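Colleague: This is final25.pdb (PDB, C-alpha atoms).
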```pdb
ATOM      1  CA  MET M  87       0.000   0.000   0.000
ATOM      2  CA  GLY M  88       2.741   2.453   0.944
ATOM      3  CA  SER M  89       4.679   1.731  -2.249
ATOM      4  CA  PHE M  90       1.591   2.262  -4.382
ATOM      5  CA  ASN M  91       0.760   5.594  -2.749
ATOM      6  CA  LEU M  92       4.371   6.658  -3.205
ATOM      7  CA  GLN M  93       4.115   5.912  -6.938
ATOM      8  CA  PHE M  94       0.881   7.879  -7.098
ATOM      9  CA  LEU M  95       2.652  10.762  -5.348
ATOM     10  CA  TYR M  96       5.347  10.660  -8.032
ATOM     11  CA  CYS M  97       2.602  11.058 -10.633
ATOM     12  CA  VAL M  98       1.279  14.122  -8.795
ATOM     13  CA  VAL M  99       4.788  15.606  -8.646
ATOM     14  CA  ILE M 100       5.304  15.177 -12.406
ATOM     15  CA  ILE M 101       1.908  16.764 -13.159
ATOM     16  CA  ALA M 102       2.748  19.628 -10.786
ATOM     17  CA  LEU M 103       6.100  20.047 -12.553
ATOM     18  CA  GLY M 104       4.332  20.480 -15.887
ATOM     19  CA  TYR M 105       1.996  23.069 -14.362
ATOM     20  CA  PHE M 106       4.932  24.885 -12.708
ATOM     21  CA  LEU M 107       6.906  25.052 -15.962
ATOM     22  CA  LYS M 108       3.854  26.540 -17.691
ATOM     23  CA  THR M 109       3.160  29.165 -15.012
ATOM     24  CA  ARG M 110       6.815  30.228 -15.092
ATOM     25  CA  GLY M 111       6.717  30.641 -18.863
ATOM     26  CA  ILE M 112       9.403  28.020 -19.423
ATOM     27  CA  ILE M 113       6.875  25.985 -21.409
ATOM     28  CA  LYS M 114       3.890  27.546 -23.164
ATOM     29  CA  GLU M 115       0.479  25.888 -23.225
ATOM     30  CA  LYS M 116       0.643  25.904 -27.007
ATOM     31  CA  ASP M 117       3.749  23.708 -26.725
ATOM     32  CA  GLY M 118       1.426  21.036 -25.411
ATOM     33  CA  GLU M 119       0.004  20.565 -28.907
ATOM     34  CA  GLY M 120       3.335  19.290 -30.193
ATOM     35  CA  LEU M 121       3.861  17.147 -27.118
ATOM     36  CA  SER M 122       0.389  15.620 -27.442
ATOM     37  CA  ARG M 123       1.133  14.688 -31.071
ATOM     38  CA  ILE M 124       4.309  12.916 -29.952
ATOM     39  CA  ILE M 125       2.380  11.001 -27.294
ATOM     40  CA  PHE M 126      -0.606   9.977 -29.437
ATOM     41  CA  ASN M 127       1.397   9.212 -32.575
ATOM     42  CA  ILE M 128       4.653   7.784 -31.189
ATOM     43  CA  THR M 129       4.932   6.856 -27.500
ATOM     44  CA  LEU M 130       1.365   5.544 -27.036
ATOM     45  CA  PRO M 131       1.412   3.350 -30.184
ATOM     46  CA  THR M 132       4.775   1.872 -29.147
ATOM     47  CA  LEU M 133       3.356   1.145 -25.686
ATOM     48  CA  ILE M 134       0.413  -0.621 -27.337
ATOM     49  CA  ILE M 135       2.831  -2.726 -29.421
ATOM     50  CA  VAL M 136       4.897  -3.702 -26.382
ATOM     51  CA  THR M 137       1.800  -4.493 -24.305
ATOM     52  CA  PHE M 138      -0.208  -6.514 -26.832
ATOM     53  CA  HIS M 139       2.347  -8.294 -29.007
ATOM     54  CA  ASP M 140       2.736 -11.473 -26.949
ATOM     55  CA  ILE M 141      -0.188 -11.587 -24.521
ATOM     56  CA  LYS M 142      -2.882 -14.226 -24.579
ATOM     57  CA  ILE M 143      -6.064 -12.335 -25.436
ATOM     58  CA  GLU M 144      -8.990 -13.994 -23.695
ATOM     59  CA  THR M 145     -12.382 -13.993 -25.408
ATOM     60  CA  SER M 146     -13.879 -12.041 -22.519
ATOM     61  CA  LEU M 147     -11.553  -9.121 -23.268
ATOM     62  CA  PHE M 148     -13.390  -8.464 -26.535
ATOM     63  CA  LEU M 149     -16.471  -7.822 -24.425
ATOM     64  CA  LEU M 150     -14.656  -4.753 -23.049
ATOM     65  CA  ILE M 151     -14.630  -3.312 -26.576
ATOM     66  CA  LEU M 152     -18.377  -3.842 -26.886
ATOM     67  CA  ILE M 153     -19.108  -2.426 -23.426
ATOM     68  CA  GLY M 154     -16.980   0.671 -24.045
ATOM     69  CA  PHE M 155     -18.770   1.269 -27.348
ATOM     70  CA  LEU M 156     -22.326   0.632 -26.137
ATOM     71  CA  TYR M 157     -21.861   2.684 -22.973
ATOM     72  CA  GLY M 158     -20.652   5.652 -25.039
ATOM     73  CA  ILE M 159     -23.608   5.387 -27.425
ATOM     74  CA  CYS M 160     -26.180   5.158 -24.632
ATOM     75  CA  ILE M 161     -24.849   7.914 -22.390
ATOM     76  CA  GLY M 162     -24.173  10.177 -25.387
ATOM     77  CA  PHE M 163     -27.783  10.134 -26.573
ATOM     78  CA  PHE M 164     -29.011  10.291 -22.983
ATOM     79  CA  ALA M 165     -27.020  13.513 -22.520
ATOM     80  CA  LEU M 166     -28.522  15.029 -25.668
ATOM     81  CA  PHE M 167     -31.999  14.173 -24.388
ATOM     82  CA  LEU M 168     -31.284  15.462 -20.885
ATOM     83  CA  PHE M 169     -29.864  18.761 -22.119
ATOM     84  CA  ARG M 170     -32.323  19.142 -25.019
ATOM     85  CA  LYS M 171     -33.783  22.396 -23.636
ATOM     86  CA  LYS M 172     -30.397  24.103 -23.366
ATOM     87  CA  GLN M 173     -29.121  26.503 -26.019
ATOM     88  CA  ARG M 174     -27.875  24.686 -29.097
ATOM     89  CA  ASN M 175     -24.176  25.304 -28.499
ATOM     90  CA  ILE M 176     -24.426  24.327 -24.807
ATOM     91  CA  LYS M 177     -26.339  21.139 -25.629
ATOM     92  CA  VAL M 178     -23.774  20.146 -28.225
ATOM     93  CA  MET M 179     -20.720  20.852 -26.068
ATOM     94  CA  LEU M 180     -22.117  18.802 -23.194
ATOM     95  CA  GLY M 181     -23.274  16.105 -25.617
ATOM     96  CA  MET M 182     -19.765  15.821 -27.079
ATOM     97  CA  MET M 183     -18.052  15.703 -23.687
ATOM     98  CA  VAL M 184     -20.223  13.187 -21.839
ATOM     99  CA  PRO M 185     -19.567   9.913 -23.746
ATOM    100  CA  GLY M 186     -15.802   9.642 -24.442
ATOM    101  CA  PHE M 187     -12.918   8.917 -22.036
ATOM    102  CA  ASN M 188      -9.321  10.114 -21.842
ATOM    103  CA  ILE M 189      -7.578   6.738 -21.708
ATOM    104  CA  GLY M 190      -4.387   7.081 -23.737
ATOM    105  CA  LEU M 191      -3.163  10.240 -22.044
ATOM    106  CA  PHE M 192      -4.673  10.015 -18.554
ATOM    107  CA  ALA M 193      -5.448   6.389 -17.718
ATOM    108  CA  TYR M 194      -2.429   4.575 -19.140
ATOM    109  CA  PRO M 195       0.226   6.112 -16.862
ATOM    110  CA  LEU M 196      -1.919   5.599 -13.754
ATOM    111  CA  VAL M 197      -3.019   2.081 -14.709
ATOM    112  CA  GLU M 198       0.617   1.133 -15.286
ATOM    113  CA  VAL M 199       1.409   2.278 -11.751
ATOM    114  CA  ILE M 200      -1.590   0.509 -10.195
ATOM    115  CA  PHE M 201      -1.920  -2.765 -12.138
ATOM    116  CA  GLY M 202       1.157  -3.049 -14.358
ATOM    117  CA  LYS M 203       1.127  -4.641 -17.814
ATOM    118  CA  GLU M 204      -2.001  -6.693 -17.111
ATOM    119  CA  GLY M 205      -3.977  -3.520 -16.426
ATOM    120  CA  LEU M 206      -2.746  -1.936 -19.662
ATOM    121  CA  THR M 207      -4.082  -4.928 -21.596
ATOM    122  CA  TYR M 208      -7.579  -4.629 -20.144
ATOM    123  CA  PHE M 209      -7.771  -0.845 -20.434
ATOM    124  CA  GLY M 210      -6.365  -1.094 -23.947
ATOM    125  CA  MET M 211      -9.250  -3.290 -25.066
ATOM    126  CA  PHE M 212     -11.715  -0.942 -23.368
ATOM    127  CA  ASP M 213     -10.050   1.925 -25.241
ATOM    128  CA  VAL M 214     -10.728   0.315 -28.621
ATOM    129  CA  GLY M 215     -14.484   0.634 -28.053
ATOM    130  CA  ASN M 216     -13.957   4.089 -26.584
ATOM    131  CA  ALA M 217     -12.019   5.194 -29.692
ATOM    132  CA  PHE M 218     -15.069   4.644 -31.890
ATOM    133  CA  ILE M 219     -17.012   6.925 -29.545
ATOM    134  CA  VAL M 220     -14.333   9.622 -29.316
ATOM    135  CA  PHE M 221     -13.540   9.761 -33.027
ATOM    136  CA  GLY M 222     -17.009   8.788 -34.227
ATOM    137  CA  LEU M 223     -19.959   9.714 -32.009
ATOM    138  CA  SER M 224     -18.510  12.843 -30.379
ATOM    139  CA  TYR M 225     -17.377  14.151 -33.759
ATOM    140  CA  LEU M 226     -20.778  13.428 -35.297
ATOM    141  CA  ILE M 227     -22.601  15.239 -32.489
ATOM    142  CA  GLY M 228     -20.416  18.310 -32.961
ATOM    143  CA  SER M 229     -20.810  18.159 -36.728
ATOM    144  CA  PHE M 230     -24.559  17.615 -36.807
ATOM    145  CA  TYR M 231     -25.419  20.687 -34.732
ATOM    146  CA  SER M 232     -22.748  22.996 -36.112
ATOM    147  CA  LYS M 233     -23.483  25.781 -38.567
ATOM    148  CA  GLU M 234     -20.794  24.507 -40.880
ATOM    149  CA  ASP M 235     -21.612  22.443 -43.944
ATOM    150  CA  VAL M 236     -20.090  19.185 -42.710
ATOM    151  CA  LYS M 237     -20.522  15.843 -44.463
ATOM    152  CA  LEU M 238     -21.861  13.117 -42.206
ATOM    153  CA  ASP M 239     -21.624  10.178 -44.598
ATOM    154  CA  PRO M 240     -20.057   6.849 -43.527
ATOM    155  CA  LYS M 241     -16.966   7.553 -45.638
ATOM    156  CA  THR M 242     -16.195  10.684 -43.598
ATOM    157  CA  VAL M 243     -16.492   8.752 -40.331
ATOM    158  CA  ILE M 244     -14.297   5.895 -41.581
ATOM    159  CA  ILE M 245     -11.633   8.341 -42.776
ATOM    160  CA  LYS M 246     -11.710  10.069 -39.382
ATOM    161  CA  LEU M 247     -11.267   6.760 -37.558
ATOM    162  CA  SER M 248      -8.517   5.576 -39.896
ATOM    163  CA  LYS M 249      -6.451   8.667 -39.079
ATOM    164  CA  SER M 250      -6.236   7.647 -35.427
ATOM    165  CA  ILE M 251      -2.800   6.035 -35.160
ATOM    166  CA  PRO M 252      -3.503   4.577 -31.664
ATOM    167  CA  LEU M 253      -6.748   2.957 -32.871
ATOM    168  CA  MET M 254      -5.089   1.528 -35.989
ATOM    169  CA  THR M 255      -2.206   0.257 -33.841
ATOM    170  CA  TYR M 256      -4.655  -1.489 -31.500
ATOM    171  CA  ILE M 257      -6.418  -3.184 -34.398
ATOM    172  CA  ILE M 258      -3.255  -4.243 -36.249
ATOM    173  CA  VAL M 259      -1.415  -5.554 -33.185
ATOM    174  CA  VAL M 260      -4.458  -7.499 -31.945
ATOM    175  CA  ILE M 261      -4.929  -9.084 -35.390
ATOM    176  CA  VAL M 262      -1.223  -9.967 -35.574
ATOM    177  CA  ASN M 263      -1.487 -11.501 -32.108
ATOM    178  CA  LEU M 264      -4.591 -13.544 -32.931
ATOM    179  CA  ILE M 265      -3.173 -15.042 -36.128
ATOM    180  CA  GLY M 266       0.054 -15.958 -34.355
ATOM    181  CA  LEU M 267       2.547 -13.778 -36.230
ATOM    182  CA  GLN M 268       5.686 -12.553 -34.481
ATOM    183  CA  ILE M 269       6.746  -8.919 -34.572
ATOM    184  CA  PRO M 270      10.489  -8.630 -35.372
ATOM    185  CA  SER M 271      12.641  -8.285 -32.260
ATOM    186  CA  THR M 272      14.273  -5.106 -33.592
ATOM    187  CA  ILE M 273      10.901  -3.369 -33.768
ATOM    188  CA  LEU M 274       9.977  -4.610 -30.300
ATOM    189  CA  ASN M 275      13.247  -3.447 -28.781
ATOM    190  CA  VAL M 276      12.936   0.018 -30.289
ATOM    191  CA  ALA M 277       9.282   0.222 -29.265
ATOM    192  CA  ASP M 278      10.184  -0.827 -25.726
ATOM    193  CA  ILE M 279      12.700   2.015 -25.407
ATOM    194  CA  ILE M 280      10.321   4.649 -26.806
ATOM    195  CA  SER M 281       7.305   3.433 -24.809
ATOM    196  CA  ALA M 282       9.121   4.129 -21.532
ATOM    197  CA  ALA M 283       8.643   7.843 -22.255
ATOM    198  CA  ASN M 284       4.850   7.593 -22.454
ATOM    199  CA  MET M 285       4.152   7.849 -18.727
ATOM    200  CA  PRO M 286       6.317  10.896 -17.859
ATOM    201  CA  LEU M 287       5.385  12.776 -21.043
ATOM    202  CA  SER M 288       1.658  12.130 -20.518
ATOM    203  CA  LEU M 289       1.795  13.324 -16.915
ATOM    204  CA  LEU M 290       3.772  16.428 -17.870
ATOM    205  CA  LEU M 291       1.205  17.233 -20.549
ATOM    206  CA  LEU M 292      -1.628  16.964 -18.017
ATOM    207  CA  GLY M 293       0.144  19.571 -15.906
ATOM    208  CA  ILE M 294       0.755  21.850 -18.875
ATOM    209  CA  TYR M 295      -2.938  21.817 -19.767
ATOM    210  CA  LEU M 296      -4.188  22.424 -16.213
ATOM    211  CA  ASN M 297      -6.031  25.725 -15.828
ATOM    212  CA  PHE M 298      -7.819  26.864 -12.670
ATOM    213  CA  THR M 299      -9.502  30.000 -14.015
ATOM    214  CA  PHE M 300     -13.077  29.877 -15.295
ATOM    215  CA  ASP M 301     -16.191  31.980 -15.775
ATOM    216  CA  LYS M 302     -18.445  31.711 -12.702
ATOM    217  CA  SER M 303     -21.507  31.710 -14.945
ATOM    218  CA  TYR M 304     -20.465  28.197 -15.997
ATOM    219  CA  ILE M 305     -20.785  26.732 -12.499
ATOM    220  CA  LYS M 306     -24.384  25.501 -12.791
ATOM    221  CA  LEU M 307     -23.752  23.850 -16.154
ATOM    222  CA  MET M 308     -20.547  22.279 -14.864
ATOM    223  CA  VAL M 309     -22.307  20.790 -11.846
ATOM    224  CA  GLN M 310     -25.026  19.336 -14.090
ATOM    225  CA  PHE M 311     -22.433  17.866 -16.444
ATOM    226  CA  LEU M 312     -20.349  16.356 -13.641
ATOM    227  CA  GLY M 313     -23.471  14.942 -11.995
ATOM    228  CA  VAL M 314     -24.509  13.155 -15.191
ATOM    229  CA  ARG M 315     -21.057  11.929 -16.181
ATOM    230  CA  TYR M 316     -19.805  10.751 -12.790
ATOM    231  CA  GLY M 317     -23.174   9.841 -11.289
ATOM    232  CA  ILE M 318     -24.073   7.477 -14.117
ATOM    233  CA  GLY M 319     -20.485   6.270 -14.446
ATOM    234  CA  LEU M 320     -20.288   5.363 -10.765
ATOM    235  CA  LEU M 321     -23.714   3.698 -10.808
ATOM    236  CA  ILE M 322     -22.952   1.552 -13.861
ATOM    237  CA  GLY M 323     -19.399   0.829 -12.699
ATOM    238  CA  ILE M 324     -20.497  -0.410  -9.273
ATOM    239  CA  SER M 325     -23.277  -2.483 -10.855
ATOM    240  CA  CYS M 326     -20.802  -4.141 -13.238
ATOM    241  CA  TYR M 327     -18.368  -4.754 -10.387
ATOM    242  CA  PHE M 328     -20.871  -6.669  -8.290
ATOM    243  CA  LEU M 329     -22.988  -8.323 -10.995
ATOM    244  CA  LEU M 330     -20.673  -9.401 -13.829
ATOM    245  CA  PRO M 331     -19.222 -12.941 -13.587
ATOM    246  CA  PHE M 332     -15.707 -12.048 -14.728
ATOM    247  CA  ASP M 333     -12.277 -11.813 -13.130
ATOM    248  CA  ASP M 334     -11.330  -8.926 -10.840
ATOM    249  CA  MET M 335      -9.228  -7.057 -13.412
ATOM    250  CA  PHE M 336     -12.162  -7.026 -15.832
ATOM    251  CA  LYS M 337     -14.397  -5.499 -13.164
ATOM    252  CA  TYR M 338     -11.706  -3.064 -12.020
ATOM    253  CA  THR M 339     -11.431  -1.818 -15.610
ATOM    254  CA  LEU M 340     -15.119  -0.975 -15.842
ATOM    255  CA  LEU M 341     -15.402   0.441 -12.339
ATOM    256  CA  MET M 342     -12.471   2.806 -12.889
ATOM    257  CA  GLY M 343     -12.929   3.252 -16.637
ATOM    258  CA  PHE M 344     -16.364   4.847 -16.315
ATOM    259  CA  LEU M 345     -14.843   7.491 -14.004
ATOM    260  CA  LEU M 346     -12.086   8.662 -16.346
ATOM    261  CA  PRO M 347     -11.961  12.294 -17.547
ATOM    262  CA  THR M 348     -13.502  13.466 -20.778
ATOM    263  CA  SER M 349     -11.553  12.930 -23.988
ATOM    264  CA  VAL M 350      -9.015  15.577 -25.015
ATOM    265  CA  SER M 351     -10.263  15.253 -28.598
ATOM    266  CA  VAL M 352     -13.314  17.345 -27.733
ATOM    267  CA  LEU M 353     -11.179  20.490 -27.550
ATOM    268  CA  PRO M 354     -10.025  20.371 -31.194
ATOM    269  CA  TYR M 355     -13.620  19.561 -32.158
ATOM    270  CA  SER M 356     -14.768  22.724 -30.379
ATOM    271  CA  VAL M 357     -12.215  24.671 -32.401
ATOM    272  CA  GLU M 358     -13.235  23.042 -35.684
ATOM    273  CA  PHE M 359     -16.960  23.683 -35.164
ATOM    274  CA  GLU M 360     -16.552  27.070 -33.417
ATOM    275  CA  TYR M 361     -17.924  26.235 -29.972
ATOM    276  CA  ASP M 362     -16.812  27.815 -26.684
ATOM    277  CA  GLN M 363     -13.234  26.577 -26.318
ATOM    278  CA  LYS M 364     -12.756  28.092 -22.865
ATOM    279  CA  PHE M 365     -15.819  26.282 -21.516
ATOM    280  CA  VAL M 366     -14.708  22.963 -22.997
ATOM    281  CA  GLY M 367     -11.128  23.384 -21.791
ATOM    282  CA  THR M 368     -12.129  24.380 -18.260
ATOM    283  CA  LEU M 369     -14.562  21.504 -17.883
ATOM    284  CA  SER M 370     -11.972  19.071 -19.219
ATOM    285  CA  ASN M 371      -9.506  20.263 -16.584
ATOM    286  CA  ILE M 372     -12.062  19.770 -13.818
ATOM    287  CA  THR M 373     -12.704  16.172 -14.938
ATOM    288  CA  ILE M 374      -8.948  15.492 -14.878
ATOM    289  CA  ILE M 375      -8.641  16.643 -11.272
ATOM    290  CA  LEU M 376     -11.828  14.907 -10.123
ATOM    291  CA  SER M 377     -10.967  11.650 -11.892
ATOM    292  CA  PHE M 378      -7.461  11.660 -10.440
ATOM    293  CA  VAL M 379      -8.853  11.917  -6.900
ATOM    294  CA  LEU M 380     -11.548   9.282  -7.524
ATOM    295  CA  LEU M 381      -9.075   6.811  -9.038
ATOM    296  CA  TRP M 382      -6.677   7.270  -6.126
ATOM    297  CA  ILE M 383      -9.492   6.529  -3.664
ATOM    298  CA  LEU M 384     -10.732   3.530  -5.668
ATOM    299  CA  ALA M 385      -7.239   2.139  -6.146
ATOM    300  CA  ASN M 386      -6.585   2.228  -2.412
ATOM    301  CA  LEU M 387      -9.929   0.543  -1.708
ATOM    302  CA  LEU M 388      -9.344  -2.164  -4.337
ATOM    303  CA  ILE M 389      -5.782  -2.914  -3.302
ATOM    304  CA  SER M 390      -6.658  -3.094   0.386
ATOM    305  CA  SER M 391      -9.705  -5.355  -0.202
TER     306      SER M 391
END
```
Could you write out this structure as structure tokens?
Modeller:
Amino acid sequence: MGSFNLQFLYCVVIIALGYFLKTRGIIKEKDGEGLSRIIFNITLPTLIIVTFHDIKIETSLFLLILIGFLYGICIGFFALFLFRKKQRNIKVMLGMMVPGFNIGLFAYPLVEVIFGKEGLTYFGMFDVGNAFIVFGLSYLIGSFYSKEDVKLDPKTVIIKLSKSIPLMTYIIVVIVNLIGLQIPSTILNVADIISAANMPLSLLLLGIYLNFTFDKSYIKLMVQFLGVRYGIGLLIGISCYFLLPFDDMFKYTLLMGFLLPTSVSVLPYSVEFEYDQKFVGTLSNITIILSFVLLWILANLLISS
């Protein structure tokens, strides 16, 4: 227990370092865009390769993909219904932010600390279903209600999904694993070296993007959003934990996965479709802080049980 909490403290220190470097002007928030591209397109895909290349993928793990996808669909449309009487732009922003989870940037470094490689495998499968929500449903919600003339045909969605290097890496590596092919050792060795940078870079980026200033007029909307996202997430997560007949790691994944922060992809969507970027960014920051606290509490409860 003490060792785990010490590792969690290290994560907090690295996040705080990123925030400190930003406040001192050593690193600009705009620098985070380049860092996020490195993480999503290089360090995270190499971590996926290292994690999935030689594991035995149980049939039950594919259910995590389905659960992640169906949960996103259901809660996404529920949010649109719940906030249907809000102004169009408010309804859309909340509708985009409710369904998707920040797994690659936020969850992976913490899961690696808590559960090790086994945890990365389970959360990775959950992230495959989540990716279709983040790059599909959330984008479609933003597109459909925007004033821009945006195509919503299946080809556009497929192209959007195919541009996600982490998602494509998941799919390719899982297929390679299932058919029994071996990835060359040179590629694995290089990937292993690069993947080691994913955790510290991800935590630094979280600190760089932290922002504690927001418009007080947003408070009521923020409380409603957090109540829906975390209230439903906690309810469904606890239900899955006690009712599903699967191993503990499977249940831990759902219990903690439904409490992860909103996806970082929503911010570029708000830019593309001209929604309130400050509102989206502020609310995203709040979910990061709240999720971090909730996961620390849950992790301590799970490890001590």
Colleague: Please determine an axis-aligned box that encloses all atoms of range 134-151 of chain M listed in the file, with 3 Å added on each side, and express its centre and edge lengths in Å to one decimal as JSON.
Modeller:
```
{"center_x": -5.8, "center_y": -7.4, "center_z": -26.0, "size_x": 27.4, "size_y": 19.6, "size_z": 12.9}
```
Colleague: Would you list the contacts of Gly323 in chain M as a PDB file with C-alpha atoms, in the coordinates of the input, taking every protein, DNA or RNA residue within 12 Å and counting all atoms listed in the file, but skipping same-chain residues closer than 6 positions in sequence?
Modeller:
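Resulting contents of result-v4.pdb:
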```pdb
ATOM      1  CA  ILE M 153     -19.108  -2.426 -23.426  1.00  0.00           C
ATOM      2  CA  GLY M 154     -16.980   0.671 -24.045  1.00  0.00           C
ATOM      3  CA  TYR M 157     -21.861   2.684 -22.973  1.00  0.00           C
ATOM      4  CA  ARG M 315     -21.057  11.929 -16.181  1.00  0.00           C
ATOM      5  CA  TYR M 316     -19.805  10.751 -12.790  1.00  0.00           C
ATOM      6  CA  GLY M 317     -23.174   9.841 -11.289  1.00  0.00           C
ATOM      7  CA  LEU M 329     -22.988  -8.323 -10.995  1.00  0.00           C
ATOM      8  CA  LEU M 330     -20.673  -9.401 -13.829  1.00  0.00           C
ATOM      9  CA  PHE M 336     -12.162  -7.026 -15.832  1.00  0.00           C
ATOM     10  CA  LYS M 337     -14.397  -5.499 -13.164  1.00  0.00           C
ATOM     11  CA  TYR M 338     -11.706  -3.064 -12.020  1.00  0.00           C
ATOM     12  CA  THR M 339     -11.431  -1.818 -15.610  1.00  0.00           C
ATOM     13  CA  LEU M 340     -15.119  -0.975 -15.842  1.00  0.00           C
ATOM     14  CA  LEU M 341     -15.402   0.441 -12.339  1.00  0.00           C
ATOM     15  CA  MET M 342     -12.471   2.806 -12.889  1.00  0.00           C
ATOM     16  CA  GLY M 343     -12.929   3.252 -16.637  1.00  0.00           C
ATOM     17  CA  PHE M 344     -16.364   4.847 -16.315  1.00  0.00           C
ATOM     18  CA  LEU M 345     -14.843   7.491 -14.004  1.00  0.00           C
ATOM     19  CA  LEU M 346     -12.086   8.662 -16.346  1.00  0.00           C
ATOM     20  CA  LEU M 384     -10.732   3.530  -5.668  1.00  0.00           C
TER      21      LEU M 384
END
```
Colleague: Could you list, as an MDAnalysis selection string, every residue within 10 Å of range 283-288 of chain M, counting all atoms listed in the file and ignoring same-chain residues fewer than 4 positions away?
Modeller: chainID M and resid 96:97 100:101 104 121:122 124:126 128:133 190:196 198:199 278:279 292:294
Colleague: Tell me which residues the PyMOL selection byres ((chain M and resi 359-371) around 8) grabs here, as a VMD selection string.
Modeller: chain M and resid 175 179 228 to 229 232 to 234 295 to 300 304 308 347 to 350 352 to 353 355 to 358 372 to 375
Colleague: Which neighbours of range 260-265 of chain M fall inside 9 Å, counting all atoms listed in the file, when residues of the same chain fewer than 2 positions from it are skipped, and could you give them as a list of chain:residue names?
Modeller: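 Everything that qualifies: M:Phe138, M:His139, M:Asp140, M:Ile141, M:Lys142, M:Ile143, M:Thr255, M:Tyr256, M:Ile257, M:Ile258, M:Leu267, M:Gln268, M:Ile269.
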Colleague: Calculate how many Å separate CA of Ala282 in chain M from CA of Asp333 in chain M, rounding to one decimal.
Modeller: 28.0 Å
Colleague: Which residue, M:Val136, M:Leu156, M:Met335, M:Ile151, has the smallest gap to Glu204 in chain M when you use all atoms listed in the file?
Modeller: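 Counting all atoms listed in the file, the residue closest to Glu204 in chain M is M:Met335.
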Colleague: For Leu376 in chain M, which residue out of M:Gly313, M:Gly266, M:Gly120, M:Gly158 is the nearest one, using all atoms listed in the file?
Modeller: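 Counting all atoms listed in the file, the residue closest to Leu376 in chain M is M:Gly313.
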Colleague: So how far away is CA of Ser250 in chain M from CA of Leu206 in chain M, in Å?
Modeller: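 Atom-to-atom, CA of Leu206 in chain M and CA of Ser250 in chain M are spaced 18.8 Å apart.
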Colleague: At what distance in Å, to one decimal, does CA of Asp213 in chain M lie from CA of Ile189 in chain M?
Modeller: 6.5 Å
Colleague: Which of these, M:Gln173, M:Phe167, M:Phe155, M:Val309, has the shortest distance to Phe218 in chain M once you count only C-alpha atoms?
Modeller: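 Looking at the shortest contact to Phe218 in chain M, the residue is M:Phe155.
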Colleague: Using only C-alpha atoms, find the one residue out of M:Ile161, M:Ala277, M:Val184, M:Ile245 that sits nearest to Thr137 in chain M.
Modeller: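 The answer is M:Ala277, which sits nearest to Thr137 in chain M.
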Colleague: Which one is closest to Leu289 in chain M: M:Thr207, M:Gly186, M:Arg170, M:Phe378? Count all atoms listed in the file.
Modeller: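 The answer is M:Phe378, which sits nearest to Leu289 in chain M.
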